[in-house]
Amino acid sequence: MATKAVIKGIGHCVPSKILTNDDLAKIVDTNDEWITQRTGIKERRICSLEETTSTLAFGASQEALTDSGISADELDLVICATVTGDMPFPATSCLIQDKIGAKNAGAFDLGAACAGFVYAVSVGSAMIESGQAKKVLIVGVDTLSKFIDWTDRSTCVLFGDGAGAVVLGAQESDRGVLKTVLLSDGSGSRHISLEVGGSLYPTCDPRSKDRNQHITMAGAEVYRFAVNAMGDACCRVLEEAGMTPEEVDLFVPHQANLRIIDSAAKRLELPPEKVFVNVHKYGNTSGGSVPIALYEAVKEGRLKPGMTVLTVGFGAGLVWGANIIRW
Ligand code: ACO
């Protein structure tokens with residue numbers, strides 16, 4: 001039997017502050033009916049000033065480590081999938097590494113927006129399968145609420161904050177990460193971006209004051225891309241694994257928009273009971289979306305050891321990808 005990256009534990013952490021659609025209707029010209037019909041979102045979690053990407057990541061990591069029975073000093077690697085790190089540098093993974101006490105681990109951040117967790121699972125499992133690591137902590141986390149223009153109704157209703165984490169461990173097994181595909185198309189980079197704060201427009205550069213300081217998104221373009229990307233990644237990963245959609249026990253897609261999830265499920269001909277949805281509770285938490293959904297699927301008893309789960313993500317980049325995991 002081959003060495004596989006098996007999920008040993010899972011955790012999550014979301015801010016306690018809930019922002020409902022009715023709350024948003026008091027801030028911008030919107031309403032619960034529009035948001036629910038177009039996105040499926042009813043409420044989202046929003047960080048306080050004290051909560052940051054690393055504090056949410058720490059909470060999720062601690063829970064995942066406890067769940068796994070693995071201590072932090074046994075970890076070989078900490079990967080943090082985020083596009084909203086505490087600072088441009090150092091990497092947020094290093095802040096996590098320090099807070100949990102992973103004194104024997106390497107640490108790096110991975111920037112693939114809403115596909116970040118799917119990308120990180122692919123990288124972490126490859127490190128394990130190649131023998132370069134035995135125990136890997138993967139955190140998917142974002143705090144997009146801190147980068148939203150709260151006067152722009154076309155974006156501020158979509159996003160929320162949150163973190164999820166898993167511990168991967170090397171094991172001779174037929175369980176674990178079975179197959180992954182990672183894809184990208186940088187020609188679509190302008191469709192979702194945060195222009196300021198990098199080397200193009202550093203915050204300290206006077207020219208940056210004239211640029212948009214918030215997330216901008218061409219919603220319709222992203223929607224069209226997402227519908228194709230979700231189906232594309234799922235079909236590719238299933239084909240590479242030599243599997244059919246009927247062999248999938250649970251589909252856990254990136255939680256951005258219920259209509260996008262429904263169209264992917266339709267393309268795969270998956271019945272509703274095989275599709276996990278929690279977008280109504282959290283909105284789009286970007287890197288946190290897939291691991292928070294996996295966490296809730298486990299807690300609700302919908303994802304059990306031995307089941308085959310298909311995860312898929314898409315996001316700014318543009319990037320997209322999918323994993324098949326035997327839980
Ligand atoms: N409340 C009320 N009306 C609104 C709102 C709002 N919050 N936002 C937009 N509208 C209006 C628009 O102004 C427009 O009005 P008009 O026709 O008078 O001009 C109308 O509603 C329709 O707007 P559309 O943009 O056409 O609405 P659409 O059906 O495309 O839905 C949405 C918009 C929900 C943003 C959709 O395009 C979408 O989900 N796109 C994908 C977004 C996504 O998944 N992003 C992920 C980013 S991943 C990452 O990496 C961060």
# chains A, B, ... in the order shown; residues from 1 in each chain; ligands from 1
$ closest_atom_pairs --of "region 187-305 of chain A" --to "region 148-152 of chain A" --cutoff "10 Å" --atoms "only C-alpha atoms" --output "Markdown table"
| residue | atom | partner | partner_atom | distance |
| --- | --- | --- | --- | --- |
| A:Leu194 | CA | A:Ile148 | CA | 9.5 |
| A:Asn212 | CA | A:Asp149 | CA | 9.3 |
| A:Gln213 | CA | A:Asp149 | CA | 8.2 |
| A:His214 | CA | A:Ile148 | CA | 5.4 |
| A:Ile215 | CA | A:Ile148 | CA | 5.6 |
| A:Thr216 | CA | A:Ile148 | CA | 8.4 |
$ residues_around --residues "region 130-141 of chain A" --least-positions-apart "2" --cutoff "9 Å" --atoms "only C-alpha atoms" --output "JSON, numbers by chain"
{"A": [3, 5, 53, 54, 56, 57, 58, 60, 61, 64, 65, 70, 72, 74, 75, 76, 77, 78, 79, 80, 81, 82, 83, 84, 85, 93, 105, 114, 116, 117, 118, 120, 121, 124, 125, 126, 127, 128, 143, 161, 162, 163, 164, 165, 166, 167, 168, 169, 170, 171, 285, 286, 287, 288, 289, 290, 291, 292]}
$ residues_near_ligand --ligand "ligand 1" --cutoff "6 Å" --atoms "only C-alpha atoms and all ligand atoms" --output "PDB file with N, CA, C and O atoms, in the first residue's frame"
ATOM      1  N   THR A  30     -29.657  47.747  -0.136  1.00  0.00           N
ATOM      2  CA  THR A  30     -29.848  46.345  -0.488  1.00  0.00           C
ATOM      3  C   THR A  30     -30.967  45.785   0.380  1.00  0.00           C
ATOM      4  O   THR A  30     -31.554  46.502   1.188  1.00  0.00           O
ATOM      5  N   ASN A  31     -31.281  44.513   0.185  1.00  0.00           N
ATOM      6  CA  ASN A  31     -32.318  43.897   1.027  1.00  0.00           C
ATOM      7  C   ASN A  31     -32.118  42.392   1.064  1.00  0.00           C
ATOM      8  O   ASN A  31     -31.421  41.817   0.215  1.00  0.00           O
ATOM      9  N   TRP A  34     -32.969  40.311  -2.205  1.00  0.00           N
ATOM     10  CA  TRP A  34     -31.982  40.367  -3.306  1.00  0.00           C
ATOM     11  C   TRP A  34     -30.783  39.467  -2.973  1.00  0.00           C
ATOM     12  O   TRP A  34     -30.361  38.646  -3.785  1.00  0.00           O
ATOM     13  N   ILE A  35     -30.254  39.635  -1.770  1.00  0.00           N
ATOM     14  CA  ILE A  35     -29.035  38.885  -1.416  1.00  0.00           C
ATOM     15  C   ILE A  35     -29.329  37.382  -1.406  1.00  0.00           C
ATOM     16  O   ILE A  35     -28.556  36.574  -1.934  1.00  0.00           O
ATOM     17  N   ARG A  38     -29.907  36.075  -5.113  1.00  0.00           N
ATOM     18  CA  ARG A  38     -28.718  36.096  -5.986  1.00  0.00           C
ATOM     19  C   ARG A  38     -27.570  35.253  -5.457  1.00  0.00           C
ATOM     20  O   ARG A  38     -26.698  34.843  -6.222  1.00  0.00           O
ATOM     21  N   THR A  39     -27.522  35.044  -4.119  1.00  0.00           N
ATOM     22  CA  THR A  39     -26.325  34.399  -3.551  1.00  0.00           C
ATOM     23  C   THR A  39     -26.615  33.240  -2.602  1.00  0.00           C
ATOM     24  O   THR A  39     -25.747  32.403  -2.375  1.00  0.00           O
ATOM     25  N   ALA A 113      -6.182  32.619  -3.051  1.00  0.00           N
ATOM     26  CA  ALA A 113      -7.514  33.171  -2.751  1.00  0.00           C
ATOM     27  C   ALA A 113      -8.495  32.076  -2.316  1.00  0.00           C
ATOM     28  O   ALA A 113      -8.176  31.275  -1.446  1.00  0.00           O
ATOM     29  N   CYS A 114      -9.642  32.040  -2.969  1.00  0.00           N
ATOM     30  CA  CYS A 114     -10.686  31.104  -2.530  1.00  0.00           C
ATOM     31  C   CYS A 114     -10.361  29.661  -2.892  1.00  0.00           C
ATOM     32  O   CYS A 114     -11.058  28.745  -2.450  1.00  0.00           O
ATOM     33  N   ARG A 153     -22.337  48.017  -2.500  1.00  0.00           N
ATOM     34  CA  ARG A 153     -23.283  46.922  -2.245  1.00  0.00           C
ATOM     35  C   ARG A 153     -23.003  45.691  -3.105  1.00  0.00           C
ATOM     36  O   ARG A 153     -23.459  44.599  -2.789  1.00  0.00           O
ATOM     37  N   SER A 154     -22.288  45.885  -4.226  1.00  0.00           N
ATOM     38  CA  SER A 154     -22.067  44.730  -5.108  1.00  0.00           C
ATOM     39  C   SER A 154     -21.002  43.782  -4.553  1.00  0.00           C
ATOM     40  O   SER A 154     -20.909  42.642  -4.994  1.00  0.00           O
ATOM     41  N   VAL A 157     -21.842  42.567   0.398  1.00  0.00           N
ATOM     42  CA  VAL A 157     -22.810  41.568   0.869  1.00  0.00           C
ATOM     43  C   VAL A 157     -22.278  40.147   0.731  1.00  0.00           C
ATOM     44  O   VAL A 157     -22.868  39.204   1.270  1.00  0.00           O
ATOM     45  N   GLY A 219     -18.396  41.180 -11.026  1.00  0.00           N
ATOM     46  CA  GLY A 219     -19.224  40.054 -10.571  1.00  0.00           C
ATOM     47  C   GLY A 219     -19.674  39.115 -11.679  1.00  0.00           C
ATOM     48  O   GLY A 219     -19.567  37.892 -11.554  1.00  0.00           O
ATOM     49  N   ALA A 220     -20.170  39.688 -12.779  1.00  0.00           N
ATOM     50  CA  ALA A 220     -20.725  38.841 -13.838  1.00  0.00           C
ATOM     51  C   ALA A 220     -19.625  37.986 -14.484  1.00  0.00           C
ATOM     52  O   ALA A 220     -19.826  36.796 -14.765  1.00  0.00           O
ATOM     53  N   VAL A 222     -16.794  37.028 -13.063  1.00  0.00           N
ATOM     54  CA  VAL A 222     -16.386  36.000 -12.093  1.00  0.00           C
ATOM     55  C   VAL A 222     -17.431  34.887 -12.039  1.00  0.00           C
ATOM     56  O   VAL A 222     -17.094  33.704 -11.957  1.00  0.00           O
ATOM     57  N   TYR A 223     -18.689  35.279 -12.130  1.00  0.00           N
ATOM     58  CA  TYR A 223     -19.766  34.287 -12.098  1.00  0.00           C
ATOM     59  C   TYR A 223     -19.631  33.302 -13.273  1.00  0.00           C
ATOM     60  O   TYR A 223     -19.665  32.084 -13.086  1.00  0.00           O
ATOM     61  N   ALA A 256     -19.278  30.247  -2.298  1.00  0.00           N
ATOM     62  CA  ALA A 256     -19.301  31.651  -2.710  1.00  0.00           C
ATOM     63  C   ALA A 256     -20.718  32.098  -3.005  1.00  0.00           C
ATOM     64  O   ALA A 256     -21.112  33.216  -2.671  1.00  0.00           O
ATOM     65  N   ASN A 257     -21.472  31.212  -3.649  1.00  0.00           N
ATOM     66  CA  ASN A 257     -22.779  31.596  -4.156  1.00  0.00           C
ATOM     67  C   ASN A 257     -23.566  30.305  -4.413  1.00  0.00           C
ATOM     68  O   ASN A 257     -23.075  29.396  -5.090  1.00  0.00           O
ATOM     69  N   SER A 286     -13.561  32.829   1.555  1.00  0.00           N
ATOM     70  CA  SER A 286     -12.335  32.672   0.769  1.00  0.00           C
ATOM     71  C   SER A 286     -11.547  31.432   1.225  1.00  0.00           C
ATOM     72  O   SER A 286     -12.079  30.330   1.171  1.00  0.00           O
ATOM     73  N   GLY A 315     -11.074  31.140  -7.482  1.00  0.00           N
ATOM     74  CA  GLY A 315     -10.942  32.481  -6.917  1.00  0.00           C
ATOM     75  C   GLY A 315     -10.014  33.380  -7.694  1.00  0.00           C
ATOM     76  O   GLY A 315      -9.598  33.075  -8.826  1.00  0.00           O
ATOM     77  N   ALA A 316      -9.673  34.496  -7.018  1.00  0.00           N
ATOM     78  CA  ALA A 316      -8.841  35.518  -7.631  1.00  0.00           C
ATOM     79  C   ALA A 316      -7.544  34.914  -8.119  1.00  0.00           C
ATOM     80  O   ALA A 316      -6.943  34.064  -7.463  1.00  0.00           O
TER      81      ALA A 316
END
$ residues_around --residues "region 269-271 of chain A" --least-positions-apart "3" --cutoff "10 Å" --atoms "only C-alpha atoms" --output "JSON, numbers by chain"
{"A": [245, 246, 248, 249, 250, 251, 262, 263, 264, 265, 266, 274, 275]}
$ select_by_dssp --residues "region 80-264 of chain A" --states "alpha helix (DSSP H)" --output "JSON, numbers by chain"
{"A": [92, 93, 94, 95, 96, 97, 98, 99, 100, 116, 117, 118, 119, 120, 121, 122, 123, 124, 125, 126, 127, 128, 129, 153, 154, 155, 156, 219, 220, 221, 222, 223, 224, 225, 226, 227, 228, 229, 230, 231, 232, 233, 234, 235, 236, 237, 238, 239, 240, 241, 258, 259, 260, 261, 262, 263, 264]}
$ select_by_dssp --residues "region 33-222 of chain A" --states "strand (DSSP E or B)" --output "PyMOL selection string"
chain A and resi 43-45+77-81+106-110+135-143+159+161-172+176-184+192-193+196+201+216-217
$ write_last_selection --atoms "N, CA and C atoms" --output "short mmCIF file (atom, residue, chain, number, x, y, z; two decimals), in the first residue's frame"
data_model
loop_
_atom_site.label_atom_id
_atom_site.label_comp_id
_atom_site.auth_asym_id
_atom_site.auth_seq_id
_atom_site.Cartn_x
_atom_site.Cartn_y
_atom_site.Cartn_z
N GLU A 43 -26.39 35.37 6.34
CA GLU A 43 -25.58 36.11 7.31
C GLU A 43 -24.12 35.71 7.14
N ARG A 44 -23.24 36.49 7.75
CA ARG A 44 -21.80 36.22 7.68
C ARG A 44 -21.17 36.64 8.99
N ARG A 45 -19.93 36.12 9.28
CA ARG A 45 -19.21 36.47 10.51
C ARG A 45 -18.17 37.54 10.18
N LEU A 77 5.63 20.83 8.91
CA LEU A 77 5.33 21.93 8.01
C LEU A 77 4.01 22.59 8.40
N VAL A 78 3.98 23.92 8.30
CA VAL A 78 2.73 24.68 8.49
C VAL A 78 2.50 25.47 7.19
N ILE A 79 1.38 25.19 6.54
CA ILE A 79 1.03 25.94 5.33
C ILE A 79 -0.23 26.76 5.63
N CYS A 80 -0.15 28.06 5.41
CA CYS A 80 -1.32 28.91 5.62
C CYS A 80 -1.79 29.43 4.26
N ALA A 81 -2.97 29.01 3.85
CA ALA A 81 -3.56 29.48 2.60
C ALA A 81 -4.37 30.73 2.90
N GLY A 106 8.82 23.82 9.21
CA GLY A 106 8.93 24.91 8.24
C GLY A 106 7.57 25.57 8.11
N ALA A 107 7.54 26.78 7.56
CA ALA A 107 6.25 27.48 7.46
C ALA A 107 6.25 28.41 6.26
N PHE A 108 5.16 28.37 5.50
CA PHE A 108 5.01 29.34 4.41
C PHE A 108 3.55 29.60 4.12
N ASP A 109 3.29 30.76 3.50
CA ASP A 109 1.93 31.10 3.08
C ASP A 109 1.74 30.72 1.62
N LEU A 110 0.51 30.45 1.27
CA LEU A 110 0.18 30.10 -0.10
C LEU A 110 -0.98 30.99 -0.53
N LYS A 135 4.07 15.05 8.94
CA LYS A 135 2.89 15.67 9.55
C LYS A 135 2.83 17.14 9.13
N VAL A 136 1.72 17.52 8.55
CA VAL A 136 1.57 18.86 7.97
C VAL A 136 0.27 19.50 8.48
N LEU A 137 0.40 20.73 8.96
CA LEU A 137 -0.80 21.51 9.34
C LEU A 137 -1.15 22.43 8.18
N ILE A 138 -2.40 22.34 7.75
CA ILE A 138 -2.86 23.22 6.68
C ILE A 138 -4.00 24.08 7.21
N VAL A 139 -3.84 25.39 7.07
CA VAL A 139 -4.88 26.33 7.51
C VAL A 139 -5.38 27.09 6.28
N GLY A 140 -6.69 27.15 6.14
CA GLY A 140 -7.31 28.02 5.13
C GLY A 140 -8.01 29.14 5.88
N VAL A 141 -7.65 30.38 5.60
CA VAL A 141 -8.18 31.47 6.43
C VAL A 141 -8.16 32.79 5.64
N ASP A 142 -9.21 33.57 5.81
CA ASP A 142 -9.19 34.94 5.29
C ASP A 142 -10.08 35.84 6.13
N THR A 143 -9.75 37.12 6.09
CA THR A 143 -10.52 38.16 6.80
C THR A 143 -10.83 39.27 5.79
N PHE A 159 -19.02 38.72 1.34
CA PHE A 159 -17.89 38.10 2.04
C PHE A 159 -18.07 38.05 3.55
N ASP A 161 -15.68 36.36 7.31
CA ASP A 161 -14.36 35.96 7.82
C ASP A 161 -14.43 34.57 8.44
N GLY A 162 -13.31 33.84 8.37
CA GLY A 162 -13.29 32.54 9.02
C GLY A 162 -12.06 31.73 8.67
N ALA A 163 -11.83 30.70 9.49
CA ALA A 163 -10.66 29.82 9.30
C ALA A 163 -11.05 28.37 9.50
N GLY A 164 -10.37 27.49 8.76
CA GLY A 164 -10.50 26.05 8.98
C GLY A 164 -9.11 25.46 8.86
N ALA A 165 -8.88 24.35 9.55
CA ALA A 165 -7.55 23.74 9.52
C ALA A 165 -7.66 22.22 9.54
N VAL A 166 -6.71 21.58 8.89
CA VAL A 166 -6.60 20.11 8.99
C VAL A 166 -5.15 19.75 9.29
N VAL A 167 -4.98 18.60 9.94
CA VAL A 167 -3.65 18.03 10.11
C VAL A 167 -3.58 16.81 9.19
N LEU A 168 -2.58 16.82 8.30
CA LEU A 168 -2.36 15.67 7.43
C LEU A 168 -1.23 14.83 8.01
N GLY A 169 -1.39 13.51 7.99
CA GLY A 169 -0.33 12.63 8.49
C GLY A 169 -0.03 11.52 7.50
N ALA A 170 1.26 11.15 7.42
CA ALA A 170 1.66 10.07 6.50
C ALA A 170 1.17 8.73 7.04
N GLN A 171 0.58 7.94 6.15
CA GLN A 171 0.07 6.62 6.55
C GLN A 171 -0.02 5.71 5.33
N GLU A 172 0.39 4.44 5.53
CA GLU A 172 0.18 3.44 4.47
C GLU A 172 -1.31 3.15 4.48
N GLY A 176 -7.11 8.98 2.51
CA GLY A 176 -6.27 10.16 2.32
C GLY A 176 -6.54 10.87 1.01
N VAL A 177 -5.62 11.77 0.65
CA VAL A 177 -5.78 12.57 -0.58
C VAL A 177 -5.48 11.66 -1.77
N LEU A 178 -6.48 11.42 -2.60
CA LEU A 178 -6.33 10.46 -3.70
C LEU A 178 -5.84 11.13 -4.98
N LYS A 179 -6.35 12.30 -5.28
CA LYS A 179 -5.99 12.97 -6.54
C LYS A 179 -6.28 14.46 -6.42
N THR A 180 -5.44 15.27 -7.08
CA THR A 180 -5.71 16.71 -7.09
C THR A 180 -5.45 17.28 -8.48
N VAL A 181 -6.15 18.35 -8.83
CA VAL A 181 -5.80 19.14 -10.02
C VAL A 181 -5.77 20.62 -9.63
N LEU A 182 -4.77 21.33 -10.17
CA LEU A 182 -4.63 22.76 -9.92
C LEU A 182 -4.57 23.48 -11.27
N LEU A 183 -5.33 24.56 -11.41
CA LEU A 183 -5.39 25.26 -12.69
C LEU A 183 -5.36 26.77 -12.47
N SER A 184 -4.97 27.52 -13.51
CA SER A 184 -4.92 28.97 -13.38
C SER A 184 -5.07 29.65 -14.74
N ILE A 192 -10.90 40.12 -10.14
CA ILE A 192 -11.00 40.30 -8.68
C ILE A 192 -9.61 40.68 -8.21
N SER A 193 -9.52 41.83 -7.57
CA SER A 193 -8.19 42.21 -7.09
C SER A 193 -8.27 43.21 -5.93
N VAL A 196 -3.85 47.79 -4.01
CA VAL A 196 -2.89 48.53 -3.17
C VAL A 196 -2.33 47.64 -2.07
N TYR A 201 1.63 49.14 -6.04
CA TYR A 201 1.23 50.37 -5.35
C TYR A 201 1.41 50.17 -3.85
N THR A 216 -11.96 44.95 -5.49
CA THR A 216 -12.86 45.24 -6.60
C THR A 216 -13.14 43.94 -7.34
N MET A 217 -14.33 43.84 -7.88
CA MET A 217 -14.71 42.58 -8.54
C MET A 217 -15.68 42.84 -9.68
#
